[in-house]
file protein_2.tsv (TSV, C-alpha atoms and all ligand atoms)
chain	number	residue	atom	x	y	z
A	30	MET	CA	103.83	13.92	-12.81
A	31	LYS	CA	101.01	15.47	-10.77
A	32	LYS	CA	100.10	19.04	-11.82
A	33	PHE	CA	98.42	21.59	-9.56
A	34	VAL	CA	97.35	25.09	-10.59
A	35	GLU	CA	96.03	27.69	-8.15
A	36	VAL	CA	95.05	31.25	-8.97
A	37	LEU	CA	95.30	33.46	-5.87
A	38	ALA	CA	93.48	36.78	-5.40
A	39	ASP	CA	96.60	38.93	-5.42
A	40	LYS	CA	100.37	38.80	-5.02
A	41	ALA	CA	100.27	38.97	-1.22
A	42	THR	CA	97.99	35.92	-1.12
A	43	LEU	CA	100.21	34.18	-3.64
A	44	ILE	CA	103.22	34.72	-1.38
A	45	GLU	CA	101.33	33.51	1.70
A	46	ARG	CA	100.24	30.36	-0.14
A	47	SER	CA	103.71	29.72	-1.55
A	48	GLN	CA	105.26	30.09	1.89
A	49	ALA	CA	102.85	27.53	3.37
A	50	LEU	CA	103.51	25.12	0.49
A	51	VAL	CA	107.30	25.49	0.65
A	52	VAL	CA	107.31	24.94	4.43
A	53	GLU	CA	105.11	21.86	3.97
A	54	LYS	CA	107.44	20.45	1.31
A	55	ILE	CA	110.56	21.21	3.37
A	56	GLN	CA	109.10	19.45	6.42
A	57	SER	CA	107.95	16.47	4.35
A	58	ALA	CA	111.41	16.07	2.76
A	59	ILE	CA	113.09	16.17	6.17
A	60	ALA	CA	110.57	13.69	7.59
A	61	SER	CA	111.18	11.29	4.69
A	62	ARG	CA	114.89	11.69	4.03
A	63	GLY	CA	116.37	13.57	6.97
A	64	GLN	CA	117.16	16.66	4.95
A	65	CYS	CA	115.81	18.96	2.21
A	66	SER	CA	117.44	20.28	-0.95
A	67	ILE	CA	115.84	23.45	-2.32
A	68	ALA	CA	116.89	25.42	-5.39
A	69	LEU	CA	115.89	29.08	-5.47
A	70	ALA	CA	114.55	31.23	-8.28
A	71	GLY	CA	115.88	34.69	-8.97
A	72	GLY	CA	114.05	37.75	-10.20
A	73	SER	CA	111.68	39.85	-8.11
A	74	THR	CA	108.62	37.66	-7.47
A	75	PRO	CA	110.14	35.30	-4.89
A	76	LYS	CA	111.80	38.03	-2.78
A	77	PRO	CA	108.82	38.43	-0.38
A	78	LEU	CA	108.60	34.64	-0.13
A	79	TYR	CA	112.23	34.54	1.00
A	80	ALA	CA	111.52	37.29	3.55
A	81	ALA	CA	108.58	35.24	4.86
A	82	LEU	CA	110.73	32.10	5.11
A	83	ALA	CA	113.21	34.08	7.20
A	84	GLN	CA	110.47	34.36	9.83
A	85	GLN	CA	109.98	30.59	9.99
A	86	ASN	CA	111.45	28.41	12.70
A	87	LEU	CA	112.83	25.58	10.55
A	88	PRO	CA	115.63	23.02	11.15
A	89	TRP	CA	118.13	25.03	9.12
A	90	ASP	CA	120.87	22.45	9.67
A	91	LYS	CA	118.78	20.00	7.61
A	92	ILE	CA	118.17	22.37	4.71
A	93	HIS	CA	120.57	22.76	1.78
A	94	VAL	CA	120.05	25.80	-0.44
A	95	PHE	CA	121.02	26.02	-4.10
A	96	TRP	CA	120.15	28.36	-6.97
A	97	GLY	CA	118.38	27.28	-10.14
A	98	ASP	CA	120.13	29.99	-12.12
A	99	GLU	CA	122.42	32.95	-11.72
A	100	ARG	CA	123.37	36.01	-13.65
A	101	TYR	CA	127.06	35.99	-14.52
A	102	VAL	CA	127.98	38.72	-12.04
A	103	ALA	CA	129.95	38.92	-8.77
A	104	PRO	CA	128.12	37.74	-5.64
A	105	ASN	CA	127.89	41.34	-4.40
A	106	HIS	CA	126.50	42.71	-7.66
A	107	PRO	CA	122.98	44.19	-7.36
A	108	ASP	CA	121.75	41.80	-10.09
A	109	SER	CA	122.99	38.70	-8.21
A	110	ASN	CA	120.26	36.17	-7.36
A	111	GLN	CA	122.52	34.93	-4.56
A	112	LEU	CA	122.74	38.43	-3.04
A	113	MET	CA	118.96	38.88	-3.20
A	114	ALA	CA	118.24	35.59	-1.39
A	115	ARG	CA	120.94	36.18	1.23
A	116	GLN	CA	119.68	39.68	2.03
A	117	ALA	CA	116.00	38.69	2.07
A	118	TRP	CA	116.40	35.34	3.87
A	119	LEU	CA	119.66	33.52	4.48
A	120	ASP	CA	121.45	36.33	6.35
A	121	ARG	CA	118.48	36.46	8.72
A	122	VAL	CA	118.45	32.80	9.88
A	123	GLU	CA	120.91	30.49	11.63
A	124	ILE	CA	121.90	28.49	8.56
A	125	ALA	CA	125.50	27.35	8.21
A	126	GLU	CA	127.48	28.57	5.21
A	127	THR	CA	128.18	24.89	4.47
A	128	ASN	CA	124.43	24.49	3.78
A	129	ILE	CA	124.43	27.28	1.21
A	130	HIS	CA	125.62	26.35	-2.29
A	131	PRO	CA	125.79	29.41	-4.57
A	132	ILE	CA	126.55	29.17	-8.26
A	133	PRO	CA	130.20	30.24	-8.83
A	134	THR	CA	130.56	33.21	-11.18
A	135	GLU	CA	134.13	34.36	-10.67
A	136	SER	CA	136.37	32.30	-12.94
A	137	ASN	CA	135.77	34.71	-15.84
A	138	ASN	CA	134.59	31.71	-17.85
A	139	PRO	CA	130.90	30.74	-17.52
A	140	GLU	CA	131.52	27.26	-18.95
A	141	ILE	CA	134.10	26.54	-16.23
A	142	ASP	CA	131.81	27.86	-13.50
A	143	ALA	CA	128.92	25.78	-14.83
A	144	GLU	CA	131.11	22.64	-14.76
A	145	ARG	CA	132.21	23.52	-11.22
A	146	TYR	CA	128.62	23.84	-10.02
A	147	GLU	CA	127.73	20.54	-11.65
A	148	GLU	CA	130.63	18.89	-9.80
A	149	VAL	CA	129.47	20.39	-6.49
A	150	ILE	CA	125.93	19.12	-7.02
A	151	ARG	CA	126.96	15.66	-8.23
A	152	LYS	CA	129.21	15.21	-5.19
A	153	LEU	CA	126.55	16.35	-2.72
A	154	PHE	CA	123.88	14.12	-4.27
A	155	THR	CA	126.30	11.26	-5.04
A	156	VAL	CA	124.77	10.46	-8.42
A	157	SER	CA	126.65	8.58	-11.11
A	158	PRO	CA	127.41	10.05	-14.56
A	159	GLY	CA	124.33	10.03	-16.78
A	160	GLU	CA	121.97	10.28	-13.79
A	161	PHE	CA	120.45	13.58	-12.67
A	162	PRO	CA	120.21	14.59	-8.99
A	163	THR	CA	116.71	14.74	-7.54
A	164	PHE	CA	116.05	18.03	-5.78
A	165	ASP	CA	113.24	18.04	-3.23
A	166	ILE	CA	112.02	21.51	-4.20
A	167	ILE	CA	112.87	23.76	-7.14
A	168	LEU	CA	111.37	27.26	-7.15
A	169	LEU	CA	110.92	28.87	-10.54
A	170	GLY	CA	109.64	32.14	-11.94
A	171	MET	CA	108.49	32.79	-15.48
A	172	GLY	CA	109.40	35.79	-17.58
A	173	ASP	CA	106.86	37.58	-19.77
A	174	ASP	CA	108.52	35.82	-22.73
A	175	GLY	CA	107.82	32.40	-21.23
A	176	HIS	CA	111.40	31.72	-20.09
A	177	THR	CA	112.18	30.08	-16.78
A	178	ALA	CA	115.44	29.87	-14.84
A	179	SER	CA	117.87	31.02	-17.54
A	180	LEU	CA	116.24	28.94	-20.26
A	181	PHE	CA	115.45	31.69	-22.74
A	182	PRO	CA	113.51	31.27	-25.99
A	183	HIS	CA	115.41	29.77	-28.94
A	184	THR	CA	118.71	29.42	-27.06
A	185	PRO	CA	120.95	26.32	-27.41
A	186	VAL	CA	120.66	25.40	-23.71
A	187	LEU	CA	117.03	24.37	-24.31
A	188	ASN	CA	118.35	21.30	-26.15
A	189	GLU	CA	120.87	20.26	-23.48
A	190	THR	CA	120.20	16.64	-22.50
A	191	THR	CA	123.40	15.48	-20.76
A	192	LYS	CA	124.60	18.35	-18.56
A	193	ALA	CA	122.79	19.19	-15.33
A	194	ILE	CA	124.19	22.72	-15.28
A	195	ALA	CA	124.89	24.72	-18.42
A	196	VAL	CA	125.40	28.22	-19.76
A	197	GLY	CA	122.31	30.04	-20.94
A	198	ASN	CA	122.14	33.49	-22.33
A	199	LYS	CA	119.87	36.48	-22.21
A	200	ASP	CA	120.46	38.97	-25.07
A	201	GLY	CA	124.03	37.71	-25.35
A	202	GLN	CA	124.73	37.98	-21.62
A	203	PRO	CA	125.84	34.64	-20.12
A	204	ARG	CA	123.88	33.05	-17.30
A	205	ILE	CA	124.36	29.75	-15.50
A	206	THR	CA	121.28	27.57	-15.24
A	207	PHE	CA	119.80	24.25	-14.28
A	208	THR	CA	119.03	22.38	-17.49
A	209	VAL	CA	115.67	20.88	-18.45
A	210	PRO	CA	116.62	17.30	-17.48
A	211	LEU	CA	117.79	18.44	-14.04
A	212	LEU	CA	114.63	20.49	-13.47
A	213	ASN	CA	112.46	17.58	-14.61
A	214	GLN	CA	114.14	15.19	-12.17
A	215	ALA	CA	112.76	17.19	-9.22
A	216	ARG	CA	110.29	15.86	-6.64
A	217	CYS	CA	108.50	19.19	-6.64
A	218	VAL	CA	108.75	22.18	-8.98
A	219	LEU	CA	106.92	25.29	-7.83
A	220	PHE	CA	106.33	28.17	-10.26
A	221	LEU	CA	105.43	31.54	-8.76
A	222	VAL	CA	103.98	33.87	-11.42
A	223	ALA	CA	102.44	37.28	-10.78
A	224	GLY	CA	101.45	40.22	-12.94
A	225	ALA	CA	99.27	40.90	-15.98
A	226	ASN	CA	102.38	41.06	-18.16
A	227	LYS	CA	102.72	37.27	-17.76
A	228	GLN	CA	99.15	36.49	-18.90
A	229	ALA	CA	99.78	36.04	-22.63
A	230	SER	CA	102.80	33.77	-22.18
A	231	LEU	CA	101.01	31.74	-19.52
A	232	GLU	CA	98.23	31.05	-21.99
A	233	GLN	CA	100.82	29.76	-24.47
A	234	VAL	CA	102.55	27.67	-21.81
A	235	PHE	CA	99.25	26.10	-20.73
A	236	ALA	CA	97.87	25.59	-24.26
A	237	ALA	CA	97.37	21.95	-25.31
A	238	GLN	CA	99.65	22.54	-28.31
A	239	GLY	CA	102.49	25.04	-28.47
A	240	ASP	CA	106.12	25.72	-29.29
A	241	ALA	CA	108.39	24.99	-26.34
A	242	MET	CA	111.34	26.64	-28.04
A	243	THR	CA	109.37	29.89	-28.01
A	244	TYR	CA	107.85	29.27	-24.57
A	245	PRO	CA	110.51	27.27	-22.68
A	246	SER	CA	108.41	26.94	-19.51
A	247	ARG	CA	106.45	24.33	-21.52
A	248	LEU	CA	109.51	22.08	-21.17
A	249	ILE	CA	109.13	21.80	-17.38
A	250	ASN	CA	107.32	18.55	-16.58
A	251	PRO	CA	108.96	17.12	-13.45
A	252	GLN	CA	108.72	13.45	-12.50
A	253	GLY	CA	107.21	14.54	-9.18
A	254	GLU	CA	104.79	17.41	-8.58
A	255	LEU	CA	104.39	20.51	-10.72
A	256	TRP	CA	102.77	23.44	-8.94
A	257	TRP	CA	101.75	26.70	-10.58
A	258	LEU	CA	100.83	29.43	-8.10
A	259	LEU	CA	99.50	32.42	-10.04
A	260	ASP	CA	98.02	35.70	-8.97
A	261	ARG	CA	94.74	36.73	-10.62
A	262	ASP	CA	96.45	39.22	-12.93
A	263	ALA	CA	98.68	36.54	-14.38
A	264	GLY	CA	96.23	33.66	-14.31
A	265	ALA	CA	93.07	35.48	-15.47
A	266	LYS	CA	92.72	33.26	-18.52
A	267	ILE	CA	93.79	29.97	-16.98
A	268	ASP	CA	91.01	27.51	-16.10
A	269	THR	CA	91.42	26.23	-12.56
A	270	PRO	CA	91.55	24.40	-10.37
A	271	ILE	CA	93.65	21.92	-12.22
A	272	SER	CA	95.05	19.03	-10.38
A	273	CYS	CA	95.75	15.93	-12.39
A	301	LIG	C1	116.26	35.36	-13.00
A	301	LIG	C2	115.22	34.30	-12.83
A	301	LIG	C3	114.22	34.37	-13.93
A	301	LIG	C4	112.97	34.92	-13.28
A	301	LIG	C5	111.97	35.35	-14.30
A	301	LIG	C6	110.78	36.05	-13.61
A	301	LIG	O1	117.44	35.11	-12.79
A	301	LIG	O2	115.81	36.49	-13.29
A	301	LIG	O3	115.63	33.12	-12.52
A	301	LIG	O4	113.94	33.14	-14.56
A	301	LIG	O5	112.42	33.91	-12.44
A	301	LIG	O6	112.60	36.25	-15.19
A	301	LIG	O7	111.28	37.19	-12.98
A	301	LIG	P1	110.31	38.11	-12.08
A	301	LIG	O8	109.95	37.29	-10.89
A	301	LIG	O9	111.19	39.30	-11.71
A	301	LIG	O10	109.14	38.48	-12.93

call {"tool": "encode", "arguments": {"input": "protein_2.tsv", "output": "structure tokens", "more": "lines below"}}
Ligand code: 6PG
result
Amino acid sequence: MKKFVEVLADKATLIERSQALVVEKIQSAIASRGQCSIALAGGSTPKPLYAALAQQNLPWDKIHVFWGDERYVAPNHPDSNQLMARQAWLDRVEIAETNIHPIPTESNNPEIDAERYEEVIRKLFTVSPGEFPTFDIILLGMGDDGHTASLFPHTPVLNETTKAIAVGNKDGQPRITFTVPLLNQARCVLFLVAGANKQASLEQVFAAQGDAMTYPSRLINPQGELWWLLDRDAGAKIDTPISC
């Protein structure tokens, strides 16, 4: 794993930098393998990044979009990560619906929908049982409690080692999420973290020693590249630059 940490002056600069990095990684994946698989983060931080990507002139037919986690709500629910990314980005570019792979949330059974999404991904990546698909890019945020995707502190999903997609939960509400082994199989994981409210957890995530069950973002160590793009409010106490 190669780790890179950059602290940017403010959120706008963070978004500009993340857009440039995502475009670079998309183009490099397409140059190497003819297409790019990207899994999106939810929450609020990446929304301006998605809006910026909507302004890019990219080979949309060679880009396949997934979600790293989803709230267990209908696709048109205001909390839906799918809805946010479609409104900010995907509805504004010429990308075929067959290139967009949302997490299903409508069988009334999160376990079934998680299994369905795993089947979709395994078919598209043609990996055998026991192997994990290798995404080109996985975007992640981090909550002020140190969670990422829907891997919340002290929840059973943190210990999942065989499924690629599983059911997480936030305060008892089900969510569907990439698991740690799937995230760690990625070629490039890119965290976008902004805001002073993330500072304390970031310190714990970056500490040499720490409890990954309490700060699940510590569990993310992909085989490829790990990028942390922080704004100054979030990364005030993080020594940079780190690239190792
Ligand atoms: C979600 C996200 C979640 C998010 C963090 C940070 O579904 O909400 O996947 O992991 O990335 O909670 O959220 P903010 O970007 O809103 O701070």

call {"tool": "closest_residue", "arguments": {"input": "protein_2.tsv", "among": "A:Ser136, A:Asn86, A:Gln214, A:Asn110", "to": "ligand LIG 301 (chain A)", "atoms": "all atoms listed in the file"}}
result
A:Asn110

call {"tool": "axis_aligned_box", "arguments": {"input": "protein_2.tsv", "around": "ligand LIG 301 (chain A)", "padding_each_side": "5 Å", "output": "JSON"}}
result
{"center_x": 113.3, "center_y": 36.2, "center_z": -13.0, "size_x": 18.3, "size_y": 16.2, "size_z": 14.3}

call {"tool": "closest_atom_pairs", "arguments": {"input": "protein_2.tsv", "of": "chain A", "to": "ligand LIG 301 (chain A)", "cutoff": "7 Å", "atoms": "only C-alpha atoms and all ligand atoms", "output": "JSON lines"}}
result
{"residue": "A:Ala70", "atom": "CA", "partner": "A:LIG301", "partner_atom": "O3", "distance": 4.8}
{"residue": "A:Gly71", "atom": "CA", "partner": "A:LIG301", "partner_atom": "O3", "distance": 3.9}
{"residue": "A:Gly72", "atom": "CA", "partner": "A:LIG301", "partner_atom": "O9", "distance": 3.6}
{"residue": "A:Ser73", "atom": "CA", "partner": "A:LIG301", "partner_atom": "O9", "distance": 3.7}
{"residue": "A:Thr74", "atom": "CA", "partner": "A:LIG301", "partner_atom": "O8", "distance": 3.7}
{"residue": "A:Pro75", "atom": "CA", "partner": "A:LIG301", "partner_atom": "O8", "distance": 6.3}
{"residue": "A:Gly97", "atom": "CA", "partner": "A:LIG301", "partner_atom": "O3", "distance": 6.9}
{"residue": "A:Asp98", "atom": "CA", "partner": "A:LIG301", "partner_atom": "O3", "distance": 5.5}
{"residue": "A:Glu99", "atom": "CA", "partner": "A:LIG301", "partner_atom": "O1", "distance": 5.5}
{"residue": "A:Arg100", "atom": "CA", "partner": "A:LIG301", "partner_atom": "O1", "distance": 6.1}
{"residue": "A:Asn110", "atom": "CA", "partner": "A:LIG301", "partner_atom": "O1", "distance": 6.2}
{"residue": "A:Leu169", "atom": "CA", "partner": "A:LIG301", "partner_atom": "O5", "distance": 5.6}
{"residue": "A:Gly170", "atom": "CA", "partner": "A:LIG301", "partner_atom": "O5", "distance": 3.3}
{"residue": "A:Met171", "atom": "CA", "partner": "A:LIG301", "partner_atom": "C6", "distance": 4.4}
{"residue": "A:Gly172", "atom": "CA", "partner": "A:LIG301", "partner_atom": "O6", "distance": 4.0}
{"residue": "A:His176", "atom": "CA", "partner": "A:LIG301", "partner_atom": "O4", "distance": 6.2}
{"residue": "A:Thr177", "atom": "CA", "partner": "A:LIG301", "partner_atom": "O4", "distance": 4.2}
{"residue": "A:Ala178", "atom": "CA", "partner": "A:LIG301", "partner_atom": "O4", "distance": 3.6}
{"residue": "A:Ser179", "atom": "CA", "partner": "A:LIG301", "partner_atom": "O4", "distance": 5.4}
{"residue": "A:Val222", "atom": "CA", "partner": "A:LIG301", "partner_atom": "O8", "distance": 6.9}

call {"tool": "closest_residue", "arguments": {"input": "protein_2.tsv", "among": "A:Arg216, A:Lys266, A:Arg151, A:Lys199", "to": "Lys54 in chain A", "atoms": "all atoms listed in the file"}}
result
A:Arg216

call {"tool": "residues_near_point", "arguments": {"input": "protein_2.tsv", "point": "(122.0, 28.9, -29.8)", "cutoff": "12 Å", "atoms": "only C-alpha atoms", "output": "VMD selection string"}}
result
chain A and resid 180 to 189 196 to 201 203 242

call {"tool": "residues_around", "arguments": {"input": "protein_2.tsv", "residues": "Leu82 in chain A", "least_positions_apart": "2", "cutoff": "12 Å", "atoms": "only C-alpha atoms", "output": "short mmCIF file (atom, residue, chain, number, x, y, z; two decimals) with C-alpha atoms, in the frame of the given file"}}
result
data_model
loop_
_atom_site.label_atom_id
_atom_site.label_comp_id
_atom_site.auth_asym_id
_atom_site.auth_seq_id
_atom_site.Cartn_x
_atom_site.Cartn_y
_atom_site.Cartn_z
CA ILE A 44 103.22 34.72 -1.38
CA GLU A 45 101.33 33.51 1.70
CA ARG A 46 100.24 30.36 -0.14
CA SER A 47 103.71 29.72 -1.55
CA GLN A 48 105.26 30.09 1.89
CA ALA A 49 102.85 27.53 3.37
CA LEU A 50 103.51 25.12 0.49
CA VAL A 51 107.30 25.49 0.65
CA VAL A 52 107.31 24.94 4.43
CA GLU A 53 105.11 21.86 3.97
CA ILE A 55 110.56 21.21 3.37
CA PRO A 75 110.14 35.30 -4.89
CA LYS A 76 111.80 38.03 -2.78
CA PRO A 77 108.82 38.43 -0.38
CA LEU A 78 108.60 34.64 -0.13
CA TYR A 79 112.23 34.54 1.00
CA ALA A 80 111.52 37.29 3.55
CA GLN A 84 110.47 34.36 9.83
CA GLN A 85 109.98 30.59 9.99
CA ASN A 86 111.45 28.41 12.70
CA LEU A 87 112.83 25.58 10.55
CA PRO A 88 115.63 23.02 11.15
CA TRP A 89 118.13 25.03 9.12
CA ALA A 114 118.24 35.59 -1.39
CA ARG A 115 120.94 36.18 1.23
CA ALA A 117 116.00 38.69 2.07
CA TRP A 118 116.40 35.34 3.87
CA LEU A 119 119.66 33.52 4.48
CA ASP A 120 121.45 36.33 6.35
CA ARG A 121 118.48 36.46 8.72
CA VAL A 122 118.45 32.80 9.88
#

call {"tool": "residues_near_point", "arguments": {"input": "protein_2.tsv", "point": "(108.2, 35.1, -23.6)", "cutoff": "6 Å", "atoms": "all atoms listed in the file", "output": "list in words"}}
result
Asp173, Asp174, Gly175, His176, Ser230 and Tyr244 of chain A

call {"tool": "atom_distance", "arguments": {"input": "protein_2.tsv", "atom1": "CA of Ile124 in chain A", "atom2": "CA of Pro139 in chain A"}}
result
27.7 Å

call {"tool": "residues_around", "arguments": {"input": "protein_2.tsv", "residues": "Val94 in chain A", "least_positions_apart": "6", "cutoff": "12 Å", "atoms": "all atoms listed in the file", "output": "NGL selection string"}}
result
:A and (55 or 64-70 or 79 or 111 or 114-115 or 118-119 or 124-132 or 150 or 153 or 164-168)

call {"tool": "closest_residue", "arguments": {"input": "protein_2.tsv", "among": "A:Val218, A:Val34, A:Val234, A:Leu43", "to": "Asp262 in chain A", "atoms": "only C-alpha atoms"}}
result
A:Leu43

call {"tool": "closest_residue", "arguments": {"input": "protein_2.tsv", "among": "A:Asp268, A:Gly159, A:Ala60, A:Arg204", "to": "Ser109 in chain A", "atoms": "all atoms listed in the file"}}
result
A:Arg204

call {"tool": "atom_distance", "arguments": {"input": "protein_2.tsv", "atom1": "CA of Ser246 in chain A", "atom2": "CA of Arg62 in chain A"}}
result
28.8 Å

call {"tool": "atom_distance", "arguments": {"input": "protein_2.tsv", "atom1": "CA of Pro107 in chain A", "atom2": "CA of Phe95 in chain A"}}
result
18.6 Å

call {"tool": "closest_residue", "arguments": {"input": "protein_2.tsv", "among": "A:Leu231, A:Ala193, A:Val156, A:Ala241", "to": "Trp257 in chain A", "atoms": "all atoms listed in the file"}}
result
A:Leu231

call {"tool": "decode", "arguments": {"input": "protein_2.tsv", "residues": "range 63-136 of chain A", "atoms": "C-alpha atoms", "output": "compact mmCIF listing (two decimals), in the first residue's frame"}}
result
# COMPACT_ATOMS: atom_id res chain seq x y z
CA GLY A 63 -10.14 0.00 -21.11
CA GLN A 64 -12.63 0.97 -18.44
CA CYS A 65 -12.93 2.36 -14.89
CA SER A 66 -14.93 1.13 -11.91
CA ILE A 67 -15.62 3.81 -9.30
CA ALA A 68 -17.58 3.43 -6.06
CA LEU A 69 -19.08 6.60 -4.61
CA ALA A 70 -19.29 7.84 -1.05
CA GLY A 71 -22.47 9.27 0.39
CA GLY A 72 -22.92 12.05 2.89
CA SER A 73 -22.43 15.75 2.15
CA THR A 74 -18.69 16.21 1.54
CA PRO A 75 -18.49 14.63 -1.93
CA LYS A 76 -21.55 16.42 -3.37
CA PRO A 77 -19.54 19.37 -4.81
CA LEU A 78 -17.01 16.89 -6.19
CA TYR A 79 -19.82 15.12 -8.06
CA ALA A 80 -21.05 18.47 -9.39
CA ALA A 81 -17.51 19.24 -10.60
CA LEU A 82 -17.24 15.83 -12.30
CA ALA A 83 -20.48 16.60 -14.14
CA GLN A 84 -18.58 19.41 -15.89
CA GLN A 85 -15.86 17.06 -17.12
CA ASN A 86 -15.72 15.68 -20.63
CA LEU A 87 -14.98 12.03 -19.85
CA PRO A 88 -15.59 8.79 -21.82
CA TRP A 89 -18.73 7.99 -19.86
CA ASP A 90 -19.28 4.76 -21.78
CA LYS A 91 -16.06 3.43 -20.20
CA ILE A 92 -16.97 4.38 -16.63
CA HIS A 93 -19.00 2.12 -14.33
CA VAL A 94 -20.43 3.75 -11.21
CA PHE A 95 -21.22 1.93 -7.97
CA TRP A 96 -21.92 3.01 -4.39
CA GLY A 97 -19.77 2.06 -1.42
CA ASP A 98 -22.77 2.22 0.89
CA GLU A 99 -26.41 3.15 0.95
CA ARG A 100 -29.01 4.04 3.49
CA TYR A 101 -31.86 1.54 3.49
CA VAL A 102 -34.34 3.90 1.85
CA ALA A 103 -36.11 4.14 -1.52
CA PRO A 104 -34.03 5.57 -4.39
CA ASN A 105 -36.13 8.75 -4.35
CA HIS A 106 -35.81 9.30 -0.60
CA PRO A 107 -33.99 12.53 0.37
CA ASP A 108 -31.46 10.49 2.40
CA SER A 109 -30.55 8.27 -0.59
CA ASN A 110 -26.87 8.39 -1.58
CA GLN A 111 -27.94 7.25 -5.05
CA LEU A 112 -30.33 10.20 -5.40
CA MET A 113 -27.66 12.68 -4.28
CA ALA A 114 -25.10 11.44 -6.83
CA ARG A 115 -27.65 11.29 -9.66
CA GLN A 116 -28.87 14.83 -9.01
CA ALA A 117 -25.38 16.29 -8.56
CA TRP A 118 -23.66 14.36 -11.37
CA LEU A 119 -25.08 11.38 -13.22
CA ASP A 120 -28.29 13.06 -14.44
CA ARG A 121 -26.12 15.80 -15.94
CA VAL A 122 -23.85 13.65 -18.17
CA GLU A 123 -24.38 11.23 -21.05
CA ILE A 124 -23.81 8.04 -19.07
CA ALA A 125 -25.91 4.99 -19.90
CA GLU A 126 -28.13 3.55 -17.17
CA THR A 127 -26.36 0.23 -17.80
CA ASN A 128 -23.16 1.87 -16.48
CA ILE A 129 -24.83 2.88 -13.22
CA HIS A 130 -25.08 0.18 -10.54
CA PRO A 131 -27.05 1.39 -7.51
CA ILE A 132 -27.39 -0.64 -4.34
CA PRO A 133 -30.88 -2.23 -4.27
CA THR A 134 -32.95 -1.22 -1.24
CA GLU A 135 -36.47 -2.29 -2.13
CA SER A 136 -36.87 -5.95 -1.18
